[in-house]
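Engineer: Below is one structure. I have some questions about it.
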Amino acid sequence: MSKGIILYQSKYGATKKYVDWLTEKTGYDCIETKSAKVAHLHNYDVIVLGGGVYASGIAGLHFLKKNISSVSDKKIAVFAVGASPYDEKAIMQIREMHFKDELSNVPLFYCRGAWNEERMTFGDRMLCRMLQKAVSKQNPDEYEPWQKALMCAVGQKCDWTDKIYLEPVYKFIEEG
């Protein structure tokens, strides 16, 4: 197996859980993006970035965007972690917004995360409540997948993390 590193940014722990599983299976090093320097990446063949999805952005992706020209010779992939079930339309929107130019050929994978309002910051909790209030005014039969998940999670503690979501990432790593 080639030498790799996993960069990550985890706010509530689901991304870190996936990083731990990925590290365990691959033996790759890992480092949080806030501690990473582009010089850390030069000794690796494979770079995998994992980050939570917040307001359609992927935590930690800015580090990769900022340094992509320095690591363009590496095998690079990104996995996003969110509370919503997989939705091709939502993933395509994230790709269109954030994977332009030099990132256009970087694969994006999705892993379902967790939901725990008690662990959320006050600001995140308020944003979620405002969003839930807005969604509740719509016809439930017309909810998009993320809206259904949001409305079902109200007041719940949910952990949808599962190693199965990492299978496409492993496959990407193993392909020469």
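Starting from 1 in every chain, residues are counted up; chains themselves are A, B, ... following the order of the structure tokens, and ligands are numbered from 1 as listed.
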For A:Lys66, work out the shell of residues within 12 Å, counting only C-alpha atoms and skipping chain neighbours fewer than 6 positions away, then give it as a compact mmCIF listing (two decimals) with N, CA and C atoms, in the first residue's frame.

Structural biologist:
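Result file is part-v2.txt:
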```
# COMPACT_ATOMS: atom_id res chain seq x y z
N THR A 33 -6.46 19.62 10.07
CA THR A 33 -6.08 20.66 9.11
C THR A 33 -5.56 21.90 9.81
N LYS A 37 0.59 21.64 7.74
CA LYS A 37 1.37 22.55 6.88
C LYS A 37 1.57 21.82 5.56
N VAL A 38 1.64 22.54 4.48
CA VAL A 38 1.80 21.90 3.18
C VAL A 38 3.07 21.05 3.15
N GLY A 60 -12.45 22.09 6.51
CA GLY A 60 -11.08 21.72 6.16
C GLY A 60 -10.76 21.80 4.68
N SER A 72 -0.46 18.68 -6.40
CA SER A 72 -1.23 18.20 -7.55
C SER A 72 -0.70 16.87 -8.11
N GLU A 102 -8.73 23.38 -10.12
CA GLU A 102 -7.77 22.33 -9.78
C GLU A 102 -8.37 21.19 -8.95
N LEU A 103 -9.52 21.42 -8.34
CA LEU A 103 -10.18 20.36 -7.56
C LEU A 103 -11.20 19.57 -8.37
```

Engineer: Neighbours of stretch 153-162 of chain A within 12 Å (only C-alpha atoms; same-chain residues fewer than 3 positions away dropped), as a PyMOL selection string?

Structural biologist: chain A and resi 12-19+21-22+81-86+110-120+125+128-133+135-136+146-150+165-167

Engineer: Enumerate as JSON, numbers by chain all residues of chain A assigned to helix (DSSP H, G or I) by DSSP on the backbone, naming them with the chain letters and numbers the document uses.

Structural biologist: {"A": [14, 15, 16, 17, 18, 19, 20, 21, 22, 23, 24, 25, 26, 38, 39, 40, 41, 61, 62, 63, 64, 65, 66, 67, 68, 69, 70, 88, 89, 90, 91, 92, 93, 94, 95, 96, 97, 98, 101, 102, 103, 117, 118, 119, 122, 123, 124, 125, 126, 127, 128, 129, 130, 131, 132, 133, 134, 135, 136, 140, 141, 142, 145, 146, 147, 148, 149, 150, 151, 152, 153, 163, 164, 165, 166, 167, 168, 169, 170, 171, 172, 173, 174]}

Engineer: If you run DSSP on the backbone here, which positions in stretch 2-145 of chain A get strand (DSSP E or B)? Please write them as a PDB file with C-alpha atoms, in the first residue's frame.

Structural biologist:
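Result went into selection.pdb, see below:
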```pdb
ATOM      1  CA  GLY A   4      -0.739   8.238   2.840  1.00  0.00           C
ATOM      2  CA  ILE A   5      -2.023  10.897   5.175  1.00  0.00           C
ATOM      3  CA  ILE A   6      -5.510  11.780   6.303  1.00  0.00           C
ATOM      4  CA  LEU A   7      -6.232  15.435   6.920  1.00  0.00           C
ATOM      5  CA  TYR A   8      -9.399  16.178   8.817  1.00  0.00           C
ATOM      6  CA  GLN A   9     -11.524  18.712  10.587  1.00  0.00           C
ATOM      7  CA  ASP A  29      -0.862   9.082   9.367  1.00  0.00           C
ATOM      8  CA  CYS A  30      -3.450  11.687  10.262  1.00  0.00           C
ATOM      9  CA  ILE A  31      -3.412  15.344  11.242  1.00  0.00           C
ATOM     10  CA  GLU A  32      -6.021  18.012  11.820  1.00  0.00           C
ATOM     11  CA  VAL A  46      -2.031   9.707  -1.094  1.00  0.00           C
ATOM     12  CA  ILE A  47      -3.880  12.543   0.629  1.00  0.00           C
ATOM     13  CA  VAL A  48      -7.387  12.012   1.983  1.00  0.00           C
ATOM     14  CA  LEU A  49      -9.274  14.939   3.485  1.00  0.00           C
ATOM     15  CA  GLY A  50     -12.283  14.382   5.732  1.00  0.00           C
ATOM     16  CA  GLY A  51     -14.554  17.129   6.975  1.00  0.00           C
ATOM     17  CA  GLY A  52     -18.034  17.745   8.249  1.00  0.00           C
ATOM     18  CA  VAL A  53     -20.649  19.412   6.056  1.00  0.00           C
ATOM     19  CA  TYR A  54     -21.823  22.733   7.472  1.00  0.00           C
ATOM     20  CA  GLY A  57     -19.364  23.670   2.903  1.00  0.00           C
ATOM     21  CA  ILE A  58     -16.869  20.969   3.884  1.00  0.00           C
ATOM     22  CA  LYS A  75      -3.539  10.953  -5.328  1.00  0.00           C
ATOM     23  CA  ILE A  76      -6.195  13.038  -3.545  1.00  0.00           C
ATOM     24  CA  ALA A  77      -9.722  12.318  -2.318  1.00  0.00           C
ATOM     25  CA  VAL A  78     -12.212  14.059  -0.047  1.00  0.00           C
ATOM     26  CA  PHE A  79     -14.912  12.574   2.124  1.00  0.00           C
ATOM     27  CA  ALA A  80     -17.656  14.723   3.604  1.00  0.00           C
ATOM     28  CA  VAL A  81     -19.581  13.779   6.725  1.00  0.00           C
ATOM     29  CA  GLY A  82     -23.117  14.990   7.297  1.00  0.00           C
ATOM     30  CA  LEU A 108     -15.841  13.342  -3.306  1.00  0.00           C
ATOM     31  CA  PHE A 109     -17.269  10.628  -1.067  1.00  0.00           C
ATOM     32  CA  TYR A 110     -20.010  10.927   1.531  1.00  0.00           C
ATOM     33  CA  CYS A 111     -20.324   9.342   4.969  1.00  0.00           C
ATOM     34  CA  ARG A 112     -23.364   9.796   7.151  1.00  0.00           C
ATOM     35  CA  ALA A 114     -24.411  11.915  13.748  1.00  0.00           C
ATOM     36  CA  TRP A 115     -26.829  14.335  15.392  1.00  0.00           C
ATOM     37  CA  ASN A 116     -26.784  15.433  19.000  1.00  0.00           C
TER      38      ASN A 116
END
```
